[in-house]
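Shown next: model22.pdb, given as PDB, C-alpha atoms.
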```pdb
ATOM      1  CA  MET Y 280     127.001 154.329  19.905
ATOM      2  CA  ALA Y 281     125.348 152.206  22.592
ATOM      3  CA  THR Y 282     126.057 148.495  22.884
ATOM      4  CA  THR Y 283     124.032 146.218  20.589
ATOM      5  CA  VAL Y 284     121.762 143.909  22.633
ATOM      6  CA  TRP Y 285     120.378 141.916  19.671
ATOM      7  CA  LYS Y 286     121.332 141.547  16.022
ATOM      8  CA  GLY Y 287     119.397 139.678  13.342
ATOM      9  CA  HIS Y 288     116.816 140.017  10.571
ATOM     10  CA  LEU Y 289     113.339 141.541  10.628
ATOM     11  CA  THR Y 290     110.977 139.775   8.218
ATOM     12  CA  PHE Y 291     107.461 140.425   6.966
ATOM     13  CA  GLY Y 292     106.122 138.495   4.011
ATOM     14  CA  LEU Y 293     109.078 137.892   1.694
ATOM     15  CA  VAL Y 294     110.786 141.116   2.783
ATOM     16  CA  SER Y 295     113.777 140.599   5.080
ATOM     17  CA  PHE Y 296     116.463 143.025   6.212
ATOM     18  CA  PRO Y 297     119.136 143.167   8.951
ATOM     19  CA  VAL Y 298     118.496 145.219  12.099
ATOM     20  CA  LYS Y 299     120.105 145.718  15.496
ATOM     21  CA  LEU Y 300     118.635 146.717  18.845
ATOM     22  CA  TYR Y 301     119.953 149.153  21.427
ATOM     23  CA  THR Y 302     118.551 149.747  24.896
ATOM     24  CA  ALA Y 303     116.481 152.938  24.720
ATOM     25  CA  ALA Y 304     116.261 153.697  28.454
ATOM     26  CA  ARG Y 305     117.616 152.528  31.792
ATOM     27  CA  SER Y 306     116.823 153.377  35.380
ATOM     28  CA  GLU Y 307     119.404 155.353  37.341
ATOM     29  CA  ASN Y 308     119.508 154.547  41.036
ATOM     30  CA  MET Y 309     121.995 155.477  43.733
ATOM     31  CA  SER Y 310     124.266 152.517  44.343
ATOM     32  CA  PHE Y 311     125.658 151.730  47.793
ATOM     33  CA  ASN Y 312     128.275 149.206  48.885
ATOM     34  CA  GLN Y 313     128.008 147.006  51.964
ATOM     35  CA  LEU Y 314     130.640 147.939  54.605
ATOM     36  CA  HIS Y 315     131.629 146.488  57.949
ATOM     37  CA  LYS Y 316     130.227 148.913  60.535
ATOM     38  CA  ALA Y 317     133.255 148.558  62.851
ATOM     39  CA  ASP Y 318     135.941 149.690  60.363
ATOM     40  CA  ASN Y 319     134.129 150.703  57.122
ATOM     41  CA  SER Y 320     135.920 147.966  55.169
ATOM     42  CA  ARG Y 321     134.222 146.542  52.071
ATOM     43  CA  ILE Y 322     132.266 143.326  52.572
ATOM     44  CA  LYS Y 323     132.903 140.512  50.094
ATOM     45  CA  GLN Y 324     130.083 138.121  49.268
ATOM     46  CA  VAL Y 325     131.114 134.483  49.502
ATOM     47  CA  VAL Y 326     129.512 131.601  47.549
ATOM     48  CA  TYR Y 327     129.049 128.812  50.084
ATOM     49  CA  CYS Y 328     128.369 125.077  49.623
ATOM     50  CA  GLN Y 329     125.902 123.837  52.243
ATOM     51  CA  ALA Y 330     126.742 120.131  51.765
ATOM     52  CA  GLU Y 331     130.520 120.524  52.192
ATOM     53  CA  ASP Y 332     130.230 123.431  54.615
ATOM     54  CA  LYS Y 333     132.863 125.528  52.848
ATOM     55  CA  PRO Y 334     133.235 128.395  50.331
ATOM     56  CA  VAL Y 335     133.532 127.405  46.650
ATOM     57  CA  PRO Y 336     134.925 129.345  43.635
ATOM     58  CA  ARG Y 337     132.464 130.629  41.012
ATOM     59  CA  SER Y 338     134.211 128.475  38.391
ATOM     60  CA  GLU Y 339     132.661 125.408  40.071
ATOM     61  CA  LEU Y 340     129.071 126.701  39.790
ATOM     62  CA  VAL Y 341     126.511 125.178  37.404
ATOM     63  CA  LYS Y 342     122.835 125.922  36.730
ATOM     64  CA  GLY Y 343     120.226 123.683  38.305
ATOM     65  CA  TYR Y 344     116.419 123.499  37.998
ATOM     66  CA  GLU Y 345     114.532 122.362  41.125
ATOM     67  CA  TYR Y 346     111.819 119.970  39.890
ATOM     68  CA  GLU Y 347     111.043 118.586  43.386
ATOM     69  CA  LYS Y 348     111.955 119.773  46.861
ATOM     70  CA  ASP Y 349     115.804 119.631  47.078
ATOM     71  CA  ARG Y 350     116.049 117.652  43.810
ATOM     72  CA  TYR Y 351     117.718 119.336  40.808
ATOM     73  CA  VAL Y 352     118.472 118.634  37.171
ATOM     74  CA  VAL Y 353     121.718 120.260  35.958
ATOM     75  CA  ILE Y 354     121.572 122.369  32.772
ATOM     76  CA  ASP Y 355     124.674 123.780  31.075
ATOM     77  CA  ASP Y 356     124.910 126.893  28.882
ATOM     78  CA  GLU Y 357     125.386 124.952  25.636
ATOM     79  CA  GLU Y 358     122.175 123.002  26.236
ATOM     80  CA  ILE Y 359     120.315 126.278  26.796
ATOM     81  CA  LYS Y 360     121.700 127.731  23.539
ATOM     82  CA  LYS Y 361     120.530 124.654  21.577
ATOM     83  CA  MET Y 362     116.960 125.226  22.781
ATOM     84  CA  ALA Y 363     116.838 128.787  21.380
ATOM     85  CA  PRO Y 364     114.034 129.077  18.764
ATOM     86  CA  ASN Y 365     114.501 130.547  15.275
ATOM     87  CA  THR Y 366     113.523 133.953  16.686
ATOM     88  CA  ALA Y 367     116.978 134.158  18.299
ATOM     89  CA  LYS Y 368     118.255 135.408  14.926
ATOM     90  CA  VAL Y 369     115.084 136.289  12.998
ATOM     91  CA  MET Y 370     112.357 138.631  14.244
ATOM     92  CA  GLU Y 371     109.256 137.617  12.312
ATOM     93  CA  ILE Y 372     106.314 139.997  12.104
ATOM     94  CA  ILE Y 373     103.126 138.162  13.054
ATOM     95  CA  GLU Y 374     100.649 140.923  12.236
ATOM     96  CA  PHE Y 375     100.008 144.661  12.196
ATOM     97  CA  VAL Y 376      97.517 146.272  14.591
ATOM     98  CA  LYS Y 377      96.259 149.812  15.127
ATOM     99  CA  SER Y 378      98.398 151.668  17.672
ATOM    100  CA  THR Y 379      95.240 152.875  19.465
ATOM    101  CA  GLU Y 380      94.336 149.255  20.298
ATOM    102  CA  VAL Y 381      97.524 148.576  22.290
ATOM    103  CA  ASP Y 382      97.191 149.288  26.005
ATOM    104  CA  PRO Y 383     100.529 150.690  27.330
ATOM    105  CA  VAL Y 384     100.139 148.466  30.424
ATOM    106  CA  TYR Y 385     101.591 145.684  28.228
ATOM    107  CA  PHE Y 386     104.852 147.596  27.556
ATOM    108  CA  GLU Y 387     107.877 146.186  29.418
ATOM    109  CA  SER Y 388     111.251 147.455  28.077
ATOM    110  CA  SER Y 389     112.083 149.886  25.253
ATOM    111  CA  TYR Y 390     114.721 149.574  22.516
ATOM    112  CA  TYR Y 391     115.883 151.529  19.477
ATOM    113  CA  MET Y 392     115.722 149.445  16.308
ATOM    114  CA  ALA Y 393     118.317 150.551  13.735
ATOM    115  CA  PRO Y 394     119.032 149.173  10.248
ATOM    116  CA  ASP Y 395     122.225 147.178   9.805
ATOM    117  CA  ASP Y 396     124.320 147.117   6.617
ATOM    118  CA  ALA Y 397     122.177 146.998   3.438
ATOM    119  CA  GLY Y 398     118.968 147.358   5.429
ATOM    120  CA  GLU Y 399     118.441 151.135   5.107
ATOM    121  CA  LYS Y 400     115.884 151.167   2.264
ATOM    122  CA  PRO Y 401     113.426 148.489   3.530
ATOM    123  CA  TYR Y 402     113.809 149.942   7.053
ATOM    124  CA  ALA Y 403     112.918 153.439   5.783
ATOM    125  CA  LEU Y 404     109.996 152.012   3.803
ATOM    126  CA  LEU Y 405     108.548 150.226   6.852
ATOM    127  CA  PHE Y 406     109.070 153.304   9.050
ATOM    128  CA  ASP Y 407     107.277 155.536   6.520
ATOM    129  CA  VAL Y 408     104.346 153.144   6.005
ATOM    130  CA  LEU Y 409     103.740 152.678   9.745
ATOM    131  CA  LYS Y 410     103.859 156.436  10.291
ATOM    132  CA  LYS Y 411     101.302 157.058   7.531
ATOM    133  CA  THR Y 412      98.904 154.221   8.408
ATOM    134  CA  GLY Y 413      98.877 154.379  12.225
ATOM    135  CA  TYR Y 414      99.717 150.674  12.480
ATOM    136  CA  VAL Y 415     102.334 149.054  14.725
ATOM    137  CA  GLY Y 416     104.006 145.710  14.132
ATOM    138  CA  VAL Y 417     103.634 142.675  16.397
ATOM    139  CA  ALA Y 418     106.572 140.255  16.244
ATOM    140  CA  LYS Y 419     108.397 137.500  18.126
ATOM    141  CA  VAL Y 420     112.054 137.646  19.157
ATOM    142  CA  ALA Y 421     114.211 135.532  21.485
ATOM    143  CA  MET Y 422     116.737 137.299  23.714
ATOM    144  CA  HIS Y 423     117.844 137.229  27.363
ATOM    145  CA  ASN Y 424     116.919 133.521  27.642
ATOM    146  CA  ARG Y 425     113.262 133.907  26.742
ATOM    147  CA  GLU Y 426     111.017 134.526  23.745
ATOM    148  CA  HIS Y 427     109.268 137.890  23.740
ATOM    149  CA  ILE Y 428     106.250 139.238  21.961
ATOM    150  CA  VAL Y 429     107.243 142.728  20.851
ATOM    151  CA  ILE Y 430     105.611 145.824  19.423
ATOM    152  CA  PHE Y 431     107.601 148.048  17.115
ATOM    153  CA  ARG Y 432     106.374 151.494  16.148
ATOM    154  CA  PRO Y 433     107.630 154.647  14.420
ATOM    155  CA  GLY Y 434     109.264 157.176  16.732
ATOM    156  CA  ALA Y 435     110.399 160.692  15.857
ATOM    157  CA  THR Y 436     113.381 159.576  13.751
ATOM    158  CA  GLY Y 437     113.260 155.778  13.561
ATOM    159  CA  LEU Y 438     111.640 152.579  14.798
ATOM    160  CA  LEU Y 439     111.187 151.862  18.498
ATOM    161  CA  MET Y 440     110.612 148.373  19.869
ATOM    162  CA  HIS Y 441     108.914 147.430  23.141
ATOM    163  CA  THR Y 442     108.978 143.975  24.693
ATOM    164  CA  MET Y 443     105.509 143.083  25.928
ATOM    165  CA  TYR Y 444     104.127 141.335  28.964
ATOM    166  CA  TYR Y 445     102.085 138.269  28.045
ATOM    167  CA  SER Y 446      98.384 138.491  28.908
ATOM    168  CA  HIS Y 447      98.770 136.023  31.800
ATOM    169  CA  GLU Y 448     101.445 138.309  33.320
ATOM    170  CA  ILE Y 449      99.051 141.266  33.567
ATOM    171  CA  ARG Y 450      97.281 141.300  36.905
ATOM    172  CA  LYS Y 451      93.527 141.196  36.513
ATOM    173  CA  VAL Y 452      91.997 143.118  39.417
ATOM    174  CA  GLU Y 453      88.211 142.863  39.488
ATOM    175  CA  GLU Y 454      87.953 145.739  41.986
ATOM    176  CA  PHE Y 455      89.783 148.073  39.596
ATOM    177  CA  ARG Y 456      86.862 149.902  38.054
ATOM    178  CA  THR Y 457      85.438 153.419  38.036
ATOM    179  CA  ASP Y 458      81.819 154.505  38.565
ATOM    180  CA  THR Y 459      81.442 157.879  36.819
ATOM    181  CA  THR Y 460      77.773 158.167  37.804
ATOM    182  CA  VAL Y 461      78.841 159.525  41.219
ATOM    183  CA  VAL Y 462      80.234 162.686  39.584
ATOM    184  CA  GLY Y 463      78.014 165.716  38.926
ATOM    185  CA  GLU Y 464      78.065 168.002  35.863
ATOM    186  CA  LYS Y 465      79.394 171.034  37.769
ATOM    187  CA  GLU Y 466      82.226 168.985  39.293
ATOM    188  CA  THR Y 467      83.167 167.637  35.857
ATOM    189  CA  ALA Y 468      83.143 171.123  34.314
ATOM    190  CA  LEU Y 469      85.346 172.586  37.078
ATOM    191  CA  ALA Y 470      87.753 169.620  36.978
ATOM    192  CA  GLN Y 471      88.052 169.937  33.198
ATOM    193  CA  MET Y 472      88.753 173.660  33.598
ATOM    194  CA  LEU Y 473      91.477 172.893  36.171
ATOM    195  CA  VAL Y 474      93.061 170.301  33.842
ATOM    196  CA  GLU Y 475      93.102 172.808  30.963
ATOM    197  CA  THR Y 476      94.619 175.462  33.257
ATOM    198  CA  LEU Y 477      97.476 173.121  34.217
ATOM    199  CA  ALA Y 478      97.941 171.797  30.653
ATOM    200  CA  ALA Y 479     101.399 172.198  29.090
ATOM    201  CA  PRO Y 480     103.449 170.706  26.228
ATOM    202  CA  PHE Y 481     105.145 167.417  27.131
ATOM    203  CA  GLU Y 482     108.829 168.215  27.722
ATOM    204  CA  PRO Y 483     110.424 165.234  29.517
ATOM    205  CA  GLU Y 484     113.722 167.084  30.093
ATOM    206  CA  LYS Y 485     112.058 169.402  32.624
ATOM    207  CA  TYR Y 486     111.207 166.534  35.011
ATOM    208  CA  ARG Y 487     113.798 165.556  37.615
ATOM    209  CA  ASP Y 488     114.231 162.803  40.162
ATOM    210  CA  SER Y 489     114.289 165.020  43.262
ATOM    211  CA  TYR Y 490     114.881 162.024  45.559
ATOM    212  CA  ARG Y 491     118.075 161.125  43.659
ATOM    213  CA  ASP Y 492     119.153 164.797  43.609
ATOM    214  CA  ASN Y 493     118.643 165.051  47.388
ATOM    215  CA  LEU Y 494     120.671 161.863  47.989
ATOM    216  CA  GLN Y 495     123.500 163.168  45.782
ATOM    217  CA  ALA Y 496     123.495 166.517  47.623
ATOM    218  CA  MET Y 497     123.687 164.676  50.966
ATOM    219  CA  ILE Y 498     126.605 162.513  49.750
ATOM    220  CA  ASP Y 499     128.489 165.560  48.400
ATOM    221  CA  ALA Y 500     128.004 167.374  51.721
ATOM    222  CA  LYS Y 501     129.292 164.366  53.723
ATOM    223  CA  ILE Y 502     132.363 164.048  51.449
ATOM    224  CA  LYS Y 503     133.193 167.713  52.097
ATOM    225  CA  GLY Y 504     132.552 167.333  55.825
ATOM    226  CA  GLN Y 505     129.673 169.784  55.683
ATOM    227  CA  GLU Y 506     126.455 169.665  57.669
ATOM    228  CA  VAL Y 507     123.731 167.667  55.954
ATOM    229  CA  VAL Y 508     120.615 169.765  55.445
ATOM    230  CA  ALA Y 509     117.417 167.790  54.932
ATOM    231  CA  PRO Y 510     114.956 169.117  52.329
ATOM    232  CA  PRO Y 511     111.743 170.660  53.704
ATOM    233  CA  SER Y 512     109.139 168.027  54.465
ATOM    234  CA  ALA Y 513     105.921 168.069  52.481
ATOM    235  CA  HIS Y 514     102.688 169.004  54.210
ATOM    236  CA  GLU Y 515     100.196 166.203  54.670
ATOM    237  CA  PRO Y 516      97.332 166.800  52.234
ATOM    238  CA  SER Y 517      94.100 167.579  54.009
ATOM    239  CA  LYS Y 518      91.163 165.229  53.529
ATOM    240  CA  VAL Y 519      88.794 166.453  50.819
ATOM    241  CA  VAL Y 520      85.327 166.868  52.297
ATOM    242  CA  ASP Y 521      83.720 169.178  49.720
ATOM    243  CA  ILE Y 522      85.090 168.405  46.242
ATOM    244  CA  MET Y 523      83.413 171.478  44.692
ATOM    245  CA  GLU Y 524      85.095 173.783  47.210
ATOM    246  CA  ALA Y 525      88.447 172.046  46.673
ATOM    247  CA  LEU Y 526      88.135 172.496  42.889
ATOM    248  CA  LYS Y 527      87.231 176.193  43.281
ATOM    249  CA  GLN Y 528      90.233 176.806  45.552
ATOM    250  CA  SER Y 529      92.530 174.910  43.147
ATOM    251  CA  LEU Y 530      91.342 177.067  40.256
ATOM    252  CA  ALA Y 531      91.861 180.221  42.318
ATOM    253  CA  ILE Y 532      95.487 179.180  42.958
ATOM    254  CA  ALA Y 533      96.171 178.075  39.384
ATOM    255  CA  LYS Y 534      94.597 181.129  37.716
ATOM    256  CA  LYS Y 535      94.305 184.823  38.489
ATOM    257  CA  PRO Y 536      91.577 185.283  41.150
ATOM    258  CA  ALA Y 537      89.382 187.503  38.931
ATOM    259  CA  ALA Y 538      89.581 185.133  35.974
ATOM    260  CA  SER Y 539      88.851 182.078  38.117
ATOM    261  CA  ALA Y 540      85.865 183.795  39.753
ATOM    262  CA  ILE Y 541      84.385 184.556  36.311
ATOM    263  CA  ALA Y 542      85.049 180.997  35.140
ATOM    264  CA  ILE Y 543      83.442 179.454  38.231
ATOM    265  CA  ASP Y 544      80.413 181.729  37.858
ATOM    266  CA  GLU Y 545      80.045 180.647  34.209
ATOM    267  CA  VAL Y 546      80.125 176.981  35.199
ATOM    268  CA  GLU Y 547      77.480 177.496  37.878
ATOM    269  CA  GLN Y 548      75.231 179.468  35.489
ATOM    270  CA  GLU Y 549      75.530 176.767  32.816
ATOM    271  CA  ALA Y 550      74.686 174.020  35.300
ATOM    272  CA  LYS Y 551      71.484 175.750  36.481
ATOM    273  CA  PRO Y 552      68.296 174.261  35.004
ATOM    274  CA  LYS Y 553      66.921 176.549  32.315
ATOM    275  CA  LYS Y 554      63.346 177.821  32.734
ATOM    276  CA  ARG Y 555      60.889 176.880  30.040
ATOM    277  CA  THR Y 556      58.927 179.740  28.471
ATOM    278  CA  ALA Y 557      55.174 179.181  28.268
ATOM    279  CA  ARG Y 558      53.774 179.058  24.745
ATOM    280  CA  LYS Y 559      50.968 181.420  23.945
ATOM    281  CA  GLY Y 560      47.848 179.692  22.782
TER     282      GLY Y 560
END
```
Would you mind writing the file's structure down as structure tokens?
Amino acid sequence: MATTVWKGHLTFGLVSFPVKLYTAARSENMSFNQLHKADNSRIKQVVYCQAEDKPVPRSELVKGYEYEKDRYVVIDDEEIKKMAPNTAKVMEIIEFVKSTEVDPVYFESSYYMAPDDAGEKPYALLFDVLKKTGYVGVAKVAMHNREHIVIFRPGATGLLMHTMYYSHEIRKVEEFRTDTTVVGEKETALAQMLVETLAAPFEPEKYRDSYRDNLQAMIDAKIKGQEVVAPPSAHEPSKVVDIMEALKQSLAIAKKPAASAIAIDEVEQEAKPKKRTARKG
């Protein structure tokens, strides 16, 4: 089982039960060490005191907050712990909201929320109710030296929790808008057809980090003393001048030529203005 990152009680109304959190996902990056170019020896980072002009051991380090230029107030770990709010041990549900109202741009980190001893029944009850109603819970919890607003929701087999960015942390970009009036009906119909042609079930295990794979292959080759072969470079995409022509060509590649030709013809026929028949007087 993964390491517990938070342990406490989840409360809503008068219902309270123990839960624990585990990290649900983590990024995997290639890690490199700093070496001295002359002899490939490992470089050691030294903590240096500017005032005394000498290295100092980490045991002599303390935390300081700069409140003015070059002026600090010293804060120790015990003082920080004393300032932790009640949410350091109790995750209190503030409200329930519809899952469709939560923009994923607010999601920060993901965690598995599991019941602790004696918490199985209320945990299962909450999981079942959220799954049936389409609601997610909004709560507060303190961890990693800050208080988070969190969303917890039912996953496939249990509750998932996401720490949220606060509204002031989301960048508001006024230029970030879309004018759909510039798009014609035929272009929309062809684009929709292309989307449906490329549609597939979501299977996250089929996606790979090709950059990481290429780096690992290069490292393995260098360890074995083999020649490093670079992956083929991607072609620069050509500038789209005629979007209708680009959509037609994309459909021809994605589908069988005969089927795509019929589909394109149907779109063009549907988009043509229909003639009105004159009424006999």
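Here atom CA of Phe386 of chain Y is placed at a distance of 11.3 Å from atom CA of His427 of chain Y.
In terms of minimum interatomic distance to Val474 of chain Y, Y:Leu526 ranks closest within Y:Ala496, Y:Leu526, Y:Ala421, Y:Val369, counting all atoms listed in the file.
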Pull out every residue that the PyMOL selection byres ((chain Y and resi 379) around 12) matches in the shown coordinates and put them as a PyMOL selection string.
chain Y and resi 375-378+380-383+412-415+432
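With atom CA of Asp521 of chain Y on one side and atom CA of Leu469 of chain Y on the other, the separation reads 13.2 Å.
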Neighbours of Tyr385 of chain Y within 12 Å (only C-alpha atoms; same-chain residues fewer than 2 positions away dropped), as a tab-separated table (two decimals) with C-alpha atoms, in the frame of the given file?
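And here's around_37.tsv as it stands now:
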```
chain	number	residue	atom	x	y	z
Y	380	GLU	CA	94.34	149.26	20.30
Y	381	VAL	CA	97.52	148.58	22.29
Y	382	ASP	CA	97.19	149.29	26.00
Y	383	PRO	CA	100.53	150.69	27.33
Y	387	GLU	CA	107.88	146.19	29.42
Y	388	SER	CA	111.25	147.46	28.08
Y	389	SER	CA	112.08	149.89	25.25
Y	427	HIS	CA	109.27	137.89	23.74
Y	428	ILE	CA	106.25	139.24	21.96
Y	429	VAL	CA	107.24	142.73	20.85
Y	430	ILE	CA	105.61	145.82	19.42
Y	441	HIS	CA	108.91	147.43	23.14
Y	442	THR	CA	108.98	143.98	24.69
Y	443	MET	CA	105.51	143.08	25.93
Y	444	TYR	CA	104.13	141.34	28.96
Y	445	TYR	CA	102.08	138.27	28.04
Y	446	SER	CA	98.38	138.49	28.91
Y	447	HIS	CA	98.77	136.02	31.80
Y	448	GLU	CA	101.44	138.31	33.32
Y	449	ILE	CA	99.05	141.27	33.57
Y	450	ARG	CA	97.28	141.30	36.90
```
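The shell of residues at most 7 Å from segment 298-301 of chain Y, with all atoms listed in the file counted and near chain neighbours (fewer than 2 positions) removed, consists of Ala281, Thr282, Thr283, Val284, Trp285, Lys286, Gly287, His288, Leu289, Phe296, Ala303, Tyr390, Tyr391, Met392, Ala393, Pro394 and Asp395 of chain Y.
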What's around Glu339 of chain Y at 12 Å? Count all atoms listed in the file, leave out sequence neighbours fewer than 5 positions away in its own chain, and write the answer as an MDAnalysis selection string.
chainID Y and resid 326:328 334
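Each of Y:Val452, Y:Ala478, Y:Ile498, Y:Ala418 was compared to Ser310 of chain Y using only C-alpha atoms, and Y:Ile498 turns out to be the nearest.
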Which residues are near Ser295 of chain Y? Cut-off 10 Å, all atoms listed in the file, ignore same chain within fewer than 4 positions. Put them as a PyMOL selection string.
chain Y and resi 288-291+369-371+398+401-402
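You will find atom CA of Ala403 of chain Y at 17.7 Å from atom CA of Val417 of chain Y.
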Applying 10 Å and all atoms listed in the file, which residues near segment 480-493 of chain Y remain after dropping the ones on its own chain fewer than 6 positions away? List them as a PDB file with C-alpha atoms, in the frame of the given file.
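Once written, part37.pdb looks like this:
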```
ATOM      1  CA  GLU Y 307     119.404 155.353  37.341  1.00  0.00           C
ATOM      2  CA  ASN Y 308     119.508 154.547  41.036  1.00  0.00           C
ATOM      3  CA  MET Y 309     121.995 155.477  43.733  1.00  0.00           C
ATOM      4  CA  ASP Y 499     128.489 165.560  48.400  1.00  0.00           C
ATOM      5  CA  VAL Y 508     120.615 169.765  55.445  1.00  0.00           C
ATOM      6  CA  ALA Y 509     117.417 167.790  54.932  1.00  0.00           C
ATOM      7  CA  PRO Y 510     114.956 169.117  52.329  1.00  0.00           C
TER       8      PRO Y 510
END
```
For the structure shown, which residues end up in the PyMOL selection byres ((chain Y and resi 470) around 12)? Put them as a CSV table (one decimal) with C-alpha atoms, in the frame of the given file, please?
```csv
chain,number,residue,atom,x,y,z
Y,462,VAL,CA,80.2,162.7,39.6
Y,463,GLY,CA,78.0,165.7,38.9
Y,464,GLU,CA,78.1,168.0,35.9
Y,465,LYS,CA,79.4,171.0,37.8
Y,466,GLU,CA,82.2,169.0,39.3
Y,467,THR,CA,83.2,167.6,35.9
Y,468,ALA,CA,83.1,171.1,34.3
Y,469,LEU,CA,85.3,172.6,37.1
Y,471,GLN,CA,88.1,169.9,33.2
Y,472,MET,CA,88.8,173.7,33.6
Y,473,LEU,CA,91.5,172.9,36.2
Y,474,VAL,CA,93.1,170.3,33.8
Y,475,GLU,CA,93.1,172.8,31.0
Y,476,THR,CA,94.6,175.5,33.3
Y,477,LEU,CA,97.5,173.1,34.2
Y,522,ILE,CA,85.1,168.4,46.2
Y,523,MET,CA,83.4,171.5,44.7
Y,524,GLU,CA,85.1,173.8,47.2
Y,525,ALA,CA,88.4,172.0,46.7
Y,526,LEU,CA,88.1,172.5,42.9
Y,527,LYS,CA,87.2,176.2,43.3
Y,528,GLN,CA,90.2,176.8,45.6
Y,529,SER,CA,92.5,174.9,43.1
Y,530,LEU,CA,91.3,177.1,40.3
Y,542,ALA,CA,85.0,181.0,35.1
Y,543,ILE,CA,83.4,179.5,38.2
Y,546,VAL,CA,80.1,177.0,35.2
```
Given the file shown, determine the residues that the PyMOL selection byres ((chain Y and resi 340-344) around 12) selects; report them as an NGL selection string.
:Y and (326-328 or 334-339 or 345-359)
I need the residues from that last selection saved to file as a PDB file, keeping the file's coordinate frame (with C-alpha atoms), if you can.
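File written: result_7.pdb
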```pdb
ATOM      1  CA  VAL Y 326     129.512 131.601  47.549  1.00  0.00           C
ATOM      2  CA  TYR Y 327     129.049 128.812  50.084  1.00  0.00           C
ATOM      3  CA  CYS Y 328     128.369 125.077  49.623  1.00  0.00           C
ATOM      4  CA  PRO Y 334     133.235 128.395  50.331  1.00  0.00           C
ATOM      5  CA  VAL Y 335     133.532 127.405  46.650  1.00  0.00           C
ATOM      6  CA  PRO Y 336     134.925 129.345  43.635  1.00  0.00           C
ATOM      7  CA  ARG Y 337     132.464 130.629  41.012  1.00  0.00           C
ATOM      8  CA  SER Y 338     134.211 128.475  38.391  1.00  0.00           C
ATOM      9  CA  GLU Y 339     132.661 125.408  40.071  1.00  0.00           C
ATOM     10  CA  GLU Y 345     114.532 122.362  41.125  1.00  0.00           C
ATOM     11  CA  TYR Y 346     111.819 119.970  39.890  1.00  0.00           C
ATOM     12  CA  GLU Y 347     111.043 118.586  43.386  1.00  0.00           C
ATOM     13  CA  LYS Y 348     111.955 119.773  46.861  1.00  0.00           C
ATOM     14  CA  ASP Y 349     115.804 119.631  47.078  1.00  0.00           C
ATOM     15  CA  ARG Y 350     116.049 117.652  43.810  1.00  0.00           C
ATOM     16  CA  TYR Y 351     117.718 119.336  40.808  1.00  0.00           C
ATOM     17  CA  VAL Y 352     118.472 118.634  37.171  1.00  0.00           C
ATOM     18  CA  VAL Y 353     121.718 120.260  35.958  1.00  0.00           C
ATOM     19  CA  ILE Y 354     121.572 122.369  32.772  1.00  0.00           C
ATOM     20  CA  ASP Y 355     124.674 123.780  31.075  1.00  0.00           C
ATOM     21  CA  ASP Y 356     124.910 126.893  28.882  1.00  0.00           C
ATOM     22  CA  GLU Y 357     125.386 124.952  25.636  1.00  0.00           C
ATOM     23  CA  GLU Y 358     122.175 123.002  26.236  1.00  0.00           C
ATOM     24  CA  ILE Y 359     120.315 126.278  26.796  1.00  0.00           C
TER      25      ILE Y 359
END
```
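Proximity of Y:Val325, Y:Ala304, Y:Ile502, Y:Leu494 to Leu439 of chain Y, computed with all atoms listed in the file, is greatest for Y:Ala304.
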